[in-house]
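Engineer: Structure provided below as structure tokens; questions to follow.
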Amino acid sequence: MSLSRILRRDAQAIFKAAVAAAQPETAVLAALKNLPVHRYRRIFVLGAGKASAAMAHAVERALGKRVTAGLVNTKDGHLARLKRVQLNECGHPVPDQRGVDGARQIARLAGEAEADDLVLCLISGGGSALLPLPAPPITLAEKQVTTKLLLGCGATIHELNAVRKHLSLIKGGQLARLAAPATVISLMLSDVVGDPLDVIGSGPTAPDPSTFQSAWTVIEKYGLATQLPAPVRERLQAGLKGEVEETPKAGDPCFEGTRNLVIGSNLLAVKAASAKAKDLGYKPVVLSTTIEGETKDVAFMHAAIAREARATGRPAKPPVCFISGGETTVTIRGDGLGGRNQEFALAAALVLDGQPGVLAFSGGTDGTDGPTDAAGAMADGDTVRRAAKLGLNAASALGRNDSYNFFSPLGDLVKTGPTGTNVMDVRLLLLQ
């Protein structure tokens with residue numbers, strides 16, 4: 001087997017181990033063992049996210065007929081077999097009407113809960129887009145335009161959620177407000193650097209430190225004020241004037257019976273990747289689990305580390321596997337197809353061109369990267385040359401944000417299908 005094939009095989013095995021460590025069923029079952037679910041009269045199961053279906057399956061396995069009713073919104077194709085909890089597929093990353101209908105029903109069920117009931121919330125990555133309930137008179141179409149504007153300008157997840165929470169009737173602690181005085185327990189799979197409770201899924205059951213002023217600051221930072229739909233702009237400005245009620249903050253009575261528990265994170269996935277890399281004969285070096293920033297800049301930095309290791313043995317000598325986690329952003333400047341993980345591999349390919357025995361790999365643990373059917377992609381020192389033989393120009397594809405159509409003919413897309421979890425991304429640099 002060629003060295004190139006060995007590196008690709010090893011990278012996929014390491015990534016598979018990372019994803020397996022972040023599977024929600026084990027984490028949910030372990031959390032439920034430590035919760036006094038027997039004391040409640042009724043149990044409502046509500047949730048949103050790419051892993052919410054798998055999480056609900058684990059709840060049903062543990063609680064069975066104790067589940068009174070429930071509904072989870074999940075991304076198309078991210079399914080599980082459920083009996084007592086309704087499964088609602090809807091749009092991501094841009095919300096759609098199915099998501100609104102599901103969110104409205106989730107809000108209704110939360111409102112039905114009484115003081116001796118338990119509302120069990122299952123929140124995972126993607127929950128923000130999958131729990132859309134626009135505050136009137138804002139329409140779904142206007143919320144979609146706003147989301148696309150923020151995604152396209154490279155806003156961070158913290159910035160995006162600060163705006164979304166203030167256009168919603170359910171995000172930013174407002175689901176806990178709807179469920180009070182019932183007990184609310186949220187089980188969260190974190191897809192956000194640092195695991196902040198208010199940002200995971202836009203924190204529907206967590207106190208919201210952001211304000212209307214925070215949201216408007218994001219709009220001004222990216223120069224979007226004149227591009228926003230009028231009702232969106234008017235709501236945010238009304239909030240600045242105190243004419244619209246703020247999202248609930250720490251100390252609000254609605255949180256007296258609420259607990260938010262992070263049961264899975266990127267750190268678990270990176271630890272598993274490190275262990276697998278060691279098993280395969282590499283020295284694992286974890287760079288960070290909190291990587292953020294523009295994707296191509298992050299890729300250039302990672303590739304530079306690989307070149308340094310090859311040339312000088314610093315910070316580690318091959319065979320080595322550099323590992324990082326977190327979630328980057330892409331500022332869209334072209335009309336191509338791709339996602340942040342594919343763009344990472346494409347940008348890395350340019351820096352690694354001609355380098356022997358090295359592979360860059362980046363994959364989303366949820367199995368989907370942007371609006372594509374790939375989890376990510378991989379590239380080595382021969383990628384640029386191989387692509388040129390097919391008439392593909394790496395630099396041009398990067399400029400068009402067209403990483404998917406670059407890697408597809410090369411056979412270097414990573415396709416896992418929906419994985420049932422979502423704890424951000426895992427990036428690998430393998431040197432033999």
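A note on labels: chains of the structure tokens are A, B, ... as shown, every chain counts residues from 1, and ligands are counted from 1 in their shown order.
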Taking the DSSP assignment computed from this structure's backbone, write out as a list in words all residues of stretch 73-163 of chain A that belong to strand (DSSP E).
Structural biologist: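 Selecting the strand (DSSP E) positions of stretch 73-163 of chain A gives Asn73, Thr74, Lys75, Gln86, Leu87, Asn88, Glu89, Cys90, Leu118, Val119, Leu120, Cys121, Leu122 and Ile123 of chain A.
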Engineer: Store the residues of this selection in a file with N, CA and C atoms, as a short mmCIF file (atom, residue, chain, number, x, y, z; two decimals), in the first residue's frame.
Structural biologist:
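As a result, out_11.cif now contains:
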```
data_model
loop_
_atom_site.label_atom_id
_atom_site.label_comp_id
_atom_site.auth_asym_id
_atom_site.auth_seq_id
_atom_site.Cartn_x
_atom_site.Cartn_y
_atom_site.Cartn_z
N ASN A 73 -36.93 18.74 16.98
CA ASN A 73 -36.64 19.21 15.62
C ASN A 73 -35.22 18.77 15.26
N THR A 74 -35.05 18.11 14.14
CA THR A 74 -33.73 17.68 13.72
C THR A 74 -33.50 17.99 12.25
N LYS A 75 -32.26 18.00 11.84
CA LYS A 75 -31.93 18.27 10.44
C LYS A 75 -32.36 17.11 9.56
N GLN A 86 -42.21 12.66 19.12
CA GLN A 86 -42.40 12.96 17.70
C GLN A 86 -41.11 13.51 17.10
N LEU A 87 -40.79 13.05 15.90
CA LEU A 87 -39.58 13.50 15.21
C LEU A 87 -39.97 14.41 14.05
N ASN A 88 -39.41 15.60 14.04
CA ASN A 88 -39.75 16.58 13.01
C ASN A 88 -38.49 16.99 12.26
N GLU A 89 -38.37 16.60 11.00
CA GLU A 89 -37.23 17.00 10.18
C GLU A 89 -37.46 18.41 9.65
N CYS A 90 -36.39 19.20 9.63
CA CYS A 90 -36.52 20.57 9.13
C CYS A 90 -35.19 21.11 8.63
N LEU A 118 -41.72 17.30 34.65
CA LEU A 118 -40.34 17.49 34.20
C LEU A 118 -40.34 17.76 32.71
N VAL A 119 -39.67 18.82 32.32
CA VAL A 119 -39.42 19.10 30.90
C VAL A 119 -37.95 18.75 30.65
N LEU A 120 -37.73 17.69 29.90
CA LEU A 120 -36.38 17.23 29.59
C LEU A 120 -36.02 17.75 28.21
N CYS A 121 -35.07 18.70 28.16
CA CYS A 121 -34.67 19.33 26.90
C CYS A 121 -33.39 18.69 26.39
N LEU A 122 -33.37 18.39 25.10
CA LEU A 122 -32.22 17.75 24.46
C LEU A 122 -31.69 18.71 23.40
N ILE A 123 -30.54 19.31 23.66
CA ILE A 123 -30.01 20.36 22.80
C ILE A 123 -28.66 19.93 22.26
#
```
Engineer: Got a sec: who's within 8 Å of stretch 393-401 of chain A, counting only C-alpha atoms, leaving out chain neighbours fewer than 4 positions off, as a PyMOL selection string?
Structural biologist: chain A and resi 332-338+343+346-347+349-350+384+387-388+406
Engineer: If you keep N, CA and C atoms, can you produce a file of those selected residues as a PDB file, in the first residue's frame?
Structural biologist:
```pdb
ATOM      1  N   ILE A 332     -17.864  34.118   2.806  1.00  0.00           N
ATOM      2  CA  ILE A 332     -18.200  33.699   1.447  1.00  0.00           C
ATOM      3  C   ILE A 332     -17.958  34.846   0.470  1.00  0.00           C
ATOM      4  N   ARG A 333     -17.067  34.589  -0.481  1.00  0.00           N
ATOM      5  CA  ARG A 333     -16.754  35.592  -1.503  1.00  0.00           C
ATOM      6  C   ARG A 333     -17.045  35.092  -2.912  1.00  0.00           C
ATOM      7  N   GLY A 334     -17.312  33.800  -3.039  1.00  0.00           N
ATOM      8  CA  GLY A 334     -17.586  33.229  -4.345  1.00  0.00           C
ATOM      9  C   GLY A 334     -18.933  32.545  -4.373  1.00  0.00           C
ATOM     10  N   ASP A 335     -19.207  31.880  -5.494  1.00  0.00           N
ATOM     11  CA  ASP A 335     -20.503  31.222  -5.671  1.00  0.00           C
ATOM     12  C   ASP A 335     -20.357  29.707  -5.725  1.00  0.00           C
ATOM     13  N   GLY A 336     -19.275  29.191  -5.136  1.00  0.00           N
ATOM     14  CA  GLY A 336     -19.024  27.760  -5.190  1.00  0.00           C
ATOM     15  C   GLY A 336     -19.774  26.985  -4.125  1.00  0.00           C
ATOM     16  N   LEU A 337     -19.445  25.685  -4.044  1.00  0.00           N
ATOM     17  CA  LEU A 337     -20.088  24.782  -3.099  1.00  0.00           C
ATOM     18  C   LEU A 337     -19.033  24.204  -2.164  1.00  0.00           C
ATOM     19  N   GLY A 338     -19.339  24.181  -0.888  1.00  0.00           N
ATOM     20  CA  GLY A 338     -18.383  23.615   0.062  1.00  0.00           C
ATOM     21  C   GLY A 338     -18.784  23.911   1.480  1.00  0.00           C
ATOM     22  N   GLU A 343     -12.979  23.560   2.911  1.00  0.00           N
ATOM     23  CA  GLU A 343     -12.155  24.733   2.620  1.00  0.00           C
ATOM     24  C   GLU A 343     -10.835  24.665   3.375  1.00  0.00           C
ATOM     25  N   LEU A 346      -8.575  22.425   1.387  1.00  0.00           N
ATOM     26  CA  LEU A 346      -8.156  23.065   0.149  1.00  0.00           C
ATOM     27  C   LEU A 346      -7.076  24.119   0.411  1.00  0.00           C
ATOM     28  N   ALA A 347      -7.271  24.931   1.439  1.00  0.00           N
ATOM     29  CA  ALA A 347      -6.262  25.942   1.770  1.00  0.00           C
ATOM     30  C   ALA A 347      -4.961  25.277   2.210  1.00  0.00           C
ATOM     31  N   ALA A 349      -3.850  22.420   1.217  1.00  0.00           N
ATOM     32  CA  ALA A 349      -3.214  21.810   0.043  1.00  0.00           C
ATOM     33  C   ALA A 349      -2.256  22.778  -0.633  1.00  0.00           C
ATOM     34  N   LEU A 350      -2.608  24.057  -0.646  1.00  0.00           N
ATOM     35  CA  LEU A 350      -1.751  25.050  -1.293  1.00  0.00           C
ATOM     36  C   LEU A 350      -0.423  25.201  -0.555  1.00  0.00           C
ATOM     37  N   VAL A 384      -2.434  19.345  -5.253  1.00  0.00           N
ATOM     38  CA  VAL A 384      -2.472  20.425  -6.240  1.00  0.00           C
ATOM     39  C   VAL A 384      -2.074  19.900  -7.622  1.00  0.00           C
ATOM     40  N   ALA A 387      -4.799  17.618  -9.084  1.00  0.00           N
ATOM     41  CA  ALA A 387      -5.938  18.413  -9.534  1.00  0.00           C
ATOM     42  C   ALA A 387      -5.642  19.097 -10.861  1.00  0.00           C
ATOM     43  N   ALA A 388      -4.421  19.601 -11.006  1.00  0.00           N
ATOM     44  CA  ALA A 388      -4.050  20.294 -12.245  1.00  0.00           C
ATOM     45  C   ALA A 388      -4.184  19.369 -13.451  1.00  0.00           C
ATOM     46  N   PHE A 406     -13.911  20.858  -6.149  1.00  0.00           N
ATOM     47  CA  PHE A 406     -12.480  20.610  -6.319  1.00  0.00           C
ATOM     48  C   PHE A 406     -12.128  19.196  -5.872  1.00  0.00           C
TER      49      PHE A 406
END
```
Engineer: Smallest atom-to-atom distance to A:Gly417: which of A:Gly223, A:Gly376, A:Gly47, A:Pro93, using only C-alpha atoms?
Structural biologist: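 Closest residue, counting only C-alpha atoms: A:Gly376.
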Engineer: List as a list in words the protein and nucleic acid residues near stretch 289-297 of chain A, meaning an atom at most 8 Å away when only C-alpha atoms are counted, but skip any in the same chain fewer than 2 places from it.
Structural biologist: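 Final neighbour list, sorted by chain and number: Gly154, Val193, Gly194, Asn266, Leu267, Val270, Val286, Leu287, Ala299, Phe300, Met301, Ser324, Gly325, Gly326, Glu327, Thr328, Thr329, Val330, Thr331, Arg340, Asn341, Glu343, Phe344, Ala347 and Ala348 of chain A.
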